[in-house]
file coords09.cif (mmCIF, C-alpha atoms)
data_protein
loop_
_atom_site.label_atom_id
_atom_site.label_comp_id
_atom_site.auth_asym_id
_atom_site.auth_seq_id
_atom_site.Cartn_x
_atom_site.Cartn_y
_atom_site.Cartn_z
CA MET R 1 -7.59 -18.77 9.98
CA ALA R 2 -6.02 -15.36 9.98
CA PHE R 3 -3.96 -13.27 7.64
CA GLY R 4 -1.54 -12.77 10.51
CA ALA R 5 0.96 -10.01 11.10
CA SER R 6 3.84 -11.16 8.90
CA SER R 7 4.89 -10.02 5.42
CA LYS R 8 6.81 -12.54 3.31
CA ILE R 9 8.45 -13.03 -0.08
CA PHE R 10 7.29 -16.25 -1.71
CA SER R 11 10.13 -18.77 -1.89
CA ALA R 12 8.72 -20.01 -5.21
CA PHE R 13 9.29 -16.59 -6.76
CA ILE R 14 12.95 -16.54 -5.72
CA HIS R 15 13.41 -20.18 -6.73
CA ASP R 16 11.80 -19.72 -10.13
CA SER R 17 13.75 -16.51 -10.74
CA VAL R 18 17.21 -17.98 -10.13
CA ASN R 19 16.23 -21.23 -11.82
CA LYS R 20 14.80 -19.39 -14.85
CA THR R 21 11.63 -21.46 -14.69
CA GLY R 22 9.24 -18.60 -14.08
CA THR R 23 8.19 -15.51 -15.97
CA ALA R 24 7.24 -13.34 -13.01
CA THR R 25 9.74 -10.52 -12.90
CA LEU R 26 10.31 -7.48 -10.72
CA SER R 27 10.90 -5.49 -13.90
CA SER R 28 7.27 -6.02 -14.88
CA ALA R 29 5.35 -2.88 -15.65
CA THR R 30 2.07 -4.54 -14.73
CA ALA R 31 2.46 -5.47 -11.08
CA LYS R 32 -0.64 -5.11 -8.93
CA ALA R 33 -1.63 -5.07 -5.26
CA ALA R 34 -4.83 -7.04 -4.56
CA LEU R 35 -6.53 -6.78 -1.18
CA TYR R 36 -7.56 -9.69 1.08
CA ASN R 37 -9.53 -10.20 4.24
CA ASP R 38 -8.74 -12.26 7.32
CA THR R 39 -10.17 -15.62 6.28
CA ILE R 40 -6.93 -16.96 4.82
CA THR R 41 -3.64 -18.12 6.28
CA PRO R 42 -0.84 -17.15 3.91
CA ASN R 43 2.20 -19.39 3.57
CA GLN R 44 5.40 -18.30 1.85
CA LEU R 45 6.53 -21.90 1.22
CA VAL R 46 3.93 -22.88 -1.34
CA THR R 47 4.19 -23.71 -5.03
CA ALA R 48 4.27 -21.00 -7.67
CA ALA R 49 0.72 -21.89 -8.63
CA ASN R 50 -0.47 -21.59 -5.06
CA SER R 51 1.28 -18.26 -4.63
CA SER R 52 -0.39 -16.67 -7.63
CA TYR R 53 -3.42 -14.44 -7.80
CA ALA R 54 -6.36 -16.86 -8.09
CA GLY R 55 -4.17 -19.75 -6.87
CA GLY R 56 -4.12 -21.53 -3.52
CA VAL R 57 -5.66 -19.45 -0.75
CA TRP R 58 -5.49 -16.35 -2.96
CA THR R 59 -8.98 -16.73 -4.36
CA ALA R 60 -9.85 -14.16 -7.01
CA GLY R 61 -13.06 -12.30 -7.65
CA GLY R 62 -14.69 -12.88 -4.27
CA THR R 63 -14.05 -13.59 -0.61
CA PRO R 64 -11.30 -13.54 0.63
CA ASN R 65 -10.36 -11.19 -2.23
CA VAL R 66 -12.02 -7.86 -1.35
CA ILE R 67 -12.96 -4.77 -3.31
CA ASP R 68 -14.34 -1.32 -2.90
CA THR R 69 -18.01 -1.94 -2.14
CA ASN R 70 -18.93 0.67 -4.76
CA GLY R 71 -18.61 -1.98 -7.43
CA GLY R 72 -14.86 -2.15 -7.19
CA THR R 73 -14.27 1.16 -8.91
CA GLY R 74 -11.95 2.41 -6.16
CA TRP R 75 -10.12 -0.87 -5.67
CA PRO R 76 -11.01 -3.78 -7.99
CA TYR R 77 -10.55 -7.48 -7.23
CA VAL R 78 -7.43 -7.67 -9.41
CA GLY R 79 -5.94 -4.85 -7.39
CA ARG R 80 -4.58 -1.43 -8.16
CA PRO R 81 -1.53 -1.19 -10.43
CA LEU R 82 1.83 -0.27 -9.00
CA VAL R 83 3.29 2.87 -10.56
CA TRP R 84 6.73 4.37 -10.64
CA GLY R 85 6.61 8.12 -10.91
CA SER R 86 9.21 8.98 -8.31
CA ALA R 87 10.15 5.63 -6.78
CA THR R 88 13.03 3.53 -8.11
CA LYS R 89 11.64 0.16 -9.08
CA LEU R 90 14.74 -1.90 -8.41
CA THR R 91 18.18 -1.23 -6.95
CA THR R 92 21.27 -2.21 -8.94
CA TYR R 93 23.62 -5.18 -8.60
CA ALA R 94 26.04 -2.92 -6.71
CA ASP R 95 23.76 -2.58 -3.72
CA ALA R 96 24.13 -5.05 -0.87
CA THR R 97 20.38 -5.08 -0.45
CA LEU R 98 18.10 -5.67 -3.39
CA LYS R 99 15.09 -3.40 -2.96
CA TYR R 100 11.89 -3.42 -4.99
CA ASP R 101 9.79 -0.30 -4.55
CA ALA R 102 6.94 1.70 -6.06
CA ASP R 103 5.04 4.92 -5.50
CA ASP R 104 2.37 4.73 -2.84
CA THR R 105 -0.67 2.91 -4.20
CA VAL R 106 -3.88 4.94 -4.00
CA SER R 107 -7.51 4.01 -4.59
CA ALA R 108 -8.94 5.17 -7.89
CA THR R 109 -11.74 7.10 -6.21
CA ALA R 110 -12.17 9.29 -3.14
CA THR R 111 -15.35 7.37 -2.31
CA THR R 112 -13.79 3.98 -1.67
CA THR R 113 -15.22 1.70 1.01
CA VAL R 114 -13.24 -1.42 1.85
CA THR R 115 -12.00 -3.49 4.79
CA CYS R 116 -8.84 -5.53 4.38
CA TYR R 117 -5.99 -7.11 6.35
CA GLY R 118 -3.25 -7.30 3.75
CA CYS R 119 -2.40 -7.52 0.08
CA LEU R 120 -0.87 -9.78 -2.53
CA VAL R 121 1.72 -8.17 -4.81
CA TYR R 122 1.87 -10.04 -8.10
CA ASP R 123 2.99 -9.82 -11.70
CA ASP R 124 -0.09 -9.48 -13.87
CA ALA R 125 2.00 -10.28 -16.96
CA SER R 126 3.45 -13.55 -15.67
CA THR R 127 2.53 -16.43 -17.99
CA THR R 128 4.43 -19.60 -17.02
CA THR R 129 2.53 -19.40 -13.78
CA VAL R 130 -0.24 -16.95 -14.53
CA ASP R 131 -0.23 -13.96 -12.18
CA GLN R 132 2.55 -15.36 -10.00
CA ALA R 133 3.07 -13.28 -6.87
CA PHE R 134 6.23 -11.83 -5.42
CA ALA R 135 5.09 -11.38 -1.84
CA TYR R 136 2.25 -10.83 0.54
CA ILE R 137 2.09 -7.89 2.90
CA SER R 138 0.25 -7.83 6.22
CA PHE R 139 -1.15 -4.49 7.34
CA GLY R 140 -0.34 -5.24 10.98
CA GLY R 141 -2.79 -7.96 11.95
CA GLY R 142 -5.90 -5.81 12.35
CA ALA R 143 -8.70 -4.76 10.05
CA GLN R 144 -7.93 -1.69 7.96
CA THR R 145 -11.12 0.09 6.99
CA VAL R 146 -11.85 3.09 4.85
CA THR R 147 -15.37 4.42 4.40
CA ALA R 148 -16.32 6.64 1.48
CA GLY R 149 -12.78 7.93 1.26
CA THR R 150 -9.29 7.41 -0.11
CA PHE R 151 -7.32 4.27 0.69
CA THR R 152 -3.55 4.53 0.37
CA ILE R 153 -0.86 1.90 0.81
CA VAL R 154 2.29 3.73 1.89
CA TRP R 155 5.14 1.49 0.81
CA SER R 156 8.10 1.49 3.16
CA GLY R 157 11.30 3.37 2.45
CA SER R 158 12.88 -0.09 2.71
CA GLY R 159 10.79 -1.15 -0.24
CA ILE R 160 7.86 -3.44 -0.91
CA LEU R 161 10.31 -6.28 -0.70
CA SER R 162 13.94 -6.45 0.25
CA ILE R 163 16.58 -9.16 -0.09
CA ALA R 164 19.81 -8.84 1.88
CA MET R 165 22.80 -10.23 -0.03
CA MET H 1 -3.47 45.13 -21.23
CA THR H 2 -3.95 41.37 -21.11
CA ALA H 3 -6.23 40.10 -18.41
CA ARG H 4 -5.21 36.86 -16.72
CA ILE H 5 -7.96 34.42 -15.94
CA LEU H 6 -7.21 32.69 -12.68
CA GLY H 7 -8.32 29.10 -12.28
CA PRO H 8 -10.09 27.75 -9.22
CA VAL H 9 -7.97 27.18 -6.16
CA GLU H 10 -8.30 24.52 -3.47
CA GLU H 11 -7.47 25.54 0.06
CA TRP H 12 -6.24 22.96 2.53
CA TYR H 13 -5.54 22.96 6.27
CA CYS H 14 -4.22 20.66 8.96
CA PRO H 15 -6.51 20.18 12.00
CA ASN H 16 -3.49 19.30 14.15
CA CYS H 17 -0.86 21.96 13.42
CA ARG H 18 -3.13 24.48 11.64
CA ALA H 19 -0.83 24.69 8.62
CA GLU H 20 -2.55 26.02 5.50
CA ASP H 21 -1.93 25.63 1.79
CA ALA H 22 -3.60 26.57 -1.48
CA ILE H 23 -3.05 24.88 -4.82
CA PRO H 24 -4.72 25.03 -8.23
CA TYR H 25 -7.76 22.78 -8.48
CA ARG H 26 -7.09 19.23 -9.63
CA ALA H 27 -9.77 16.94 -11.02
CA ASP H 28 -8.02 13.68 -10.10
CA VAL H 29 -8.11 11.90 -6.74
CA HIS H 30 -5.72 14.01 -4.80
CA VAL H 31 -4.69 14.49 -1.19
CA ARG H 32 -2.41 17.28 -0.05
CA TYR H 33 0.33 16.22 2.37
CA HIS H 34 2.64 18.07 4.73
CA THR H 35 5.17 17.16 7.38
CA CYS H 36 3.14 17.67 10.55
CA PRO H 37 5.00 18.72 13.71
CA LYS H 38 1.93 17.81 15.76
CA LEU H 39 1.74 14.35 14.24
CA ARG H 40 5.24 13.10 14.97
CA TYR H 41 6.69 14.78 11.87
CA LEU H 42 4.97 12.26 9.63
CA SER H 43 3.86 13.15 6.13
CA ALA H 44 0.20 13.62 7.03
CA PRO H 45 -2.80 14.47 4.89
CA MET H 46 -4.35 17.93 4.94
CA ILE H 47 -8.08 18.59 4.78
CA ARG H 48 -9.99 20.73 2.31
CA LYS H 49 -11.11 23.95 3.98
CA GLY H 50 -14.72 23.84 5.07
CA ILE H 51 -14.59 20.16 6.02
CA ALA H 52 -14.38 19.29 9.71
CA ALA H 53 -12.09 16.31 10.35
CA LYS H 54 -9.59 14.76 12.69
CA VAL H 55 -6.34 13.12 11.64
CA GLU H 56 -4.78 10.59 13.98
CA VAL H 57 -1.98 8.03 14.04
CA HIS H 58 -2.55 4.36 14.87
CA GLU H 59 0.38 2.44 16.29
CA ARG H 60 0.99 -1.23 15.66
CA GLU H 61 -0.26 -3.46 18.45
CA ALA H 62 0.84 -6.81 17.03
CA TYR H 63 4.21 -8.34 17.93
CA ILE H 64 6.88 -7.10 15.54
CA GLY H 65 9.33 -10.00 15.63
CA LYS H 66 11.33 -10.01 12.38
CA GLU H 67 8.77 -7.88 10.59
CA ARG H 68 10.35 -4.77 9.06
CA VAL H 69 7.70 -2.21 9.93
CA GLN H 70 7.63 1.57 9.51
CA TYR H 71 8.30 3.84 12.50
CA ASP H 72 7.41 7.44 13.24
CA PRO H 73 10.42 9.78 13.08
CA GLU H 74 9.75 11.49 16.41
CA LEU H 75 9.05 8.75 18.94
CA GLY H 76 10.27 5.75 16.98
CA ARG H 77 6.99 3.91 17.55
CA PRO H 78 5.84 1.26 15.05
CA LEU H 79 3.03 2.49 12.83
CA VAL H 80 -0.01 0.94 11.22
CA SER H 81 -1.89 3.86 9.72
CA ILE H 82 -2.96 7.46 9.65
CA GLU H 83 -6.73 7.79 9.70
CA THR H 84 -8.71 10.84 8.70
CA THR H 85 -12.24 10.93 10.07
CA ARG H 86 -14.76 13.24 8.40
CA ASP H 87 -18.49 13.62 8.99
CA GLU H 88 -19.16 11.67 5.79
CA GLY H 89 -16.46 9.01 5.98
CA THR H 90 -12.82 8.16 6.52
CA ASP H 91 -9.54 8.12 4.65
CA LEU H 92 -6.77 5.69 5.50
CA MET H 93 -3.05 5.58 4.84
CA VAL H 94 -1.68 2.13 5.70
CA PHE H 95 2.05 1.88 6.39
CA ALA H 96 2.99 -1.38 4.70
CA PRO H 97 5.87 -3.39 6.17
CA THR H 98 8.60 -4.72 3.88
CA ALA H 99 8.58 -8.37 2.85
CA THR H 100 12.12 -9.63 3.38
CA ALA H 101 14.51 -12.48 2.62
CA GLU H 102 18.19 -13.04 3.39
CA LEU H 103 20.71 -14.74 1.14
CA ASP H 104 23.83 -14.19 3.24
#

call {"tool": "encode", "arguments": {"input": "coords09.cif", "output": "structure tokens"}}
result
Amino acid sequence: MAFGASSKIFSAFIHDSVNKTGTATLSSATAKAALYNDTITPNQLVTAANSSYAGGVWTAGGTPNVIDTNGGTGWPYVGRPLVWGSATKLTTYADATLKYDADDTVSATATTTVTCYGCLVYDDASTTTVDQAFAYISFGGGAQTVTAGTFTIVWSGSGILSIAM
Amino acid sequence: MTARILGPVEEWYCPNCRAEDAIPYRADVHVRYHTCPKLRYLSAPMIRKGIAAKVEVHEREAYIGKERVQYDPELGRPLVSIETTRDEGTDLMVFAPTATAELD
């Protein structure tokens, strides 16, 4: 198994959004990015339940879900919250490309130690399917390691996720 | 005459381009960034003065395919991370690709 080198939007999230059967929403103020190691094989075409944090391959609270080895203070199992200080969360209906973005996500401490291969971006306030995820992001296929330092996810100028209309 | 009490200042430098900066001390987790001409004009972290470190770019080695990755503005090479290596540890900035879908 391997996390792989692809980043995907879960089809269940799009399906549930247009079908109004899910409560995960990009407007959520409580989205998080949880880190994972290389012992899973993500699949974008799984059910909402299997695309949620703690569902399917996205085990919570232990391997493959990884944390800062200093007790998770720098990066907990549930992930670090996305924040919107300068980034625009969501483009408008007038844009040909729907873009969901956030400020870069930074570890809570400058003494973080963690090794990961990618992350799950999910809505921590989703209830119909608890903690349903929007997408998973691969960090390029290799191990990304920080030792007693600051770990930062630099979200792309194209957004965390993007849907071309 | 009123005497002004100056707060502590943090001094930063870049080990690649030698740029320097000084800002008021901040208690939160904070990294100073600058656009580094020696690091492909990326927004790269600076280092607190007095700390020896190197800052280097790691390019993506995996096949890109349809993945929408981030590129450096100078050479147009696909990026994975900027790593800062200090005597006591490392910092890492991971350039996350964009998860995509098409409806057209």

call {"tool": "resolve_selection", "arguments": {"input": "coords09.cif", "expression": "the PyMOL selection byres ((chain R) within 6 of (chain H))", "output": "count of residues only"}}
result
21

call {"tool": "resolve_selection", "arguments": {"input": "coords09.cif", "expression": "the PyMOL selection byres ((chain R and resi 118) around 9)", "output": "number ranges by chain"}}
result
R: 3-5, 7, 34-38, 116-117, 119-120, 136-141, 143-144; H: 96

call {"tool": "resolve_selection", "arguments": {"input": "coords09.cif", "expression": "the PyMOL selection byres ((chain R and resi 64) around 10)", "output": "number ranges by chain"}}
result
R: 35-40, 57-63, 65-67, 77, 116

call {"tool": "atom_distance", "arguments": {"input": "coords09.cif", "atom1": "atom CA of Tyr53 of chain R", "atom2": "atom CA of Thr92 of chain R"}}
result
27.6 Å

call {"tool": "residues_near_point", "arguments": {"input": "coords09.cif", "point": "(0.7, 13.3, 16.1)", "cutoff": "10 Å", "atoms": "all atoms listed in the file", "output": "VMD selection string"}}
result
chain H and resid 16 to 17 36 to 42 44 55 to 58 72 74 to 75 82

call {"tool": "residues_around", "arguments": {"input": "coords09.cif", "residues": "Gly74 of chain R", "least_positions_apart": "4", "cutoff": "7 Å", "atoms": "only C-alpha atoms", "output": "PyMOL selection string"}}
result
chain R and resi 68+107-109+112

call {"tool": "write_last_selection", "arguments": {"input": "coords09.cif", "atoms": "C-alpha atoms", "output": "PDB file, keeping the file's coordinate frame"}}
result
ATOM      1  CA  ASP R  68     -14.340  -1.320  -2.900  1.00  0.00           C
ATOM      2  CA  SER R 107      -7.510   4.010  -4.590  1.00  0.00           C
ATOM      3  CA  ALA R 108      -8.940   5.170  -7.890  1.00  0.00           C
ATOM      4  CA  THR R 109     -11.740   7.100  -6.210  1.00  0.00           C
ATOM      5  CA  THR R 112     -13.790   3.980  -1.670  1.00  0.00           C
TER       6      THR R 112
END

call {"tool": "atom_distance", "arguments": {"input": "coords09.cif", "atom1": "atom CA of Trp75 of chain R", "atom2": "atom CA of Ala2 of chain R"}}
result
21.7 Å

call {"tool": "atom_distance", "arguments": {"input": "coords09.cif", "atom1": "atom CA of Gln44 of chain R", "atom2": "atom CA of Gly22 of chain R"}}
result
16.4 Å

call {"tool": "residues_around", "arguments": {"input": "coords09.cif", "residues": "Asn43 of chain R", "least_positions_apart": "2", "cutoff": "9 Å", "atoms": "all atoms listed in the file", "output": "list in words"}}
result
Lys8, Phe10, Thr41, Leu45, Val46, Ser51 and Val57 of chain R

call {"tool": "residues_around", "arguments": {"input": "coords09.cif", "residues": "Ser86 of chain R", "least_positions_apart": "2", "cutoff": "9 Å", "atoms": "all atoms listed in the file", "output": "count of residues only"}}
result
5

call {"tool": "closest_residue", "arguments": {"input": "coords09.cif", "among": "H:Tyr33, H:Pro24, H:Gly76, H:Lys49", "to": "Glu11 of chain H", "atoms": "only C-alpha atoms"}}
result
H:Lys49
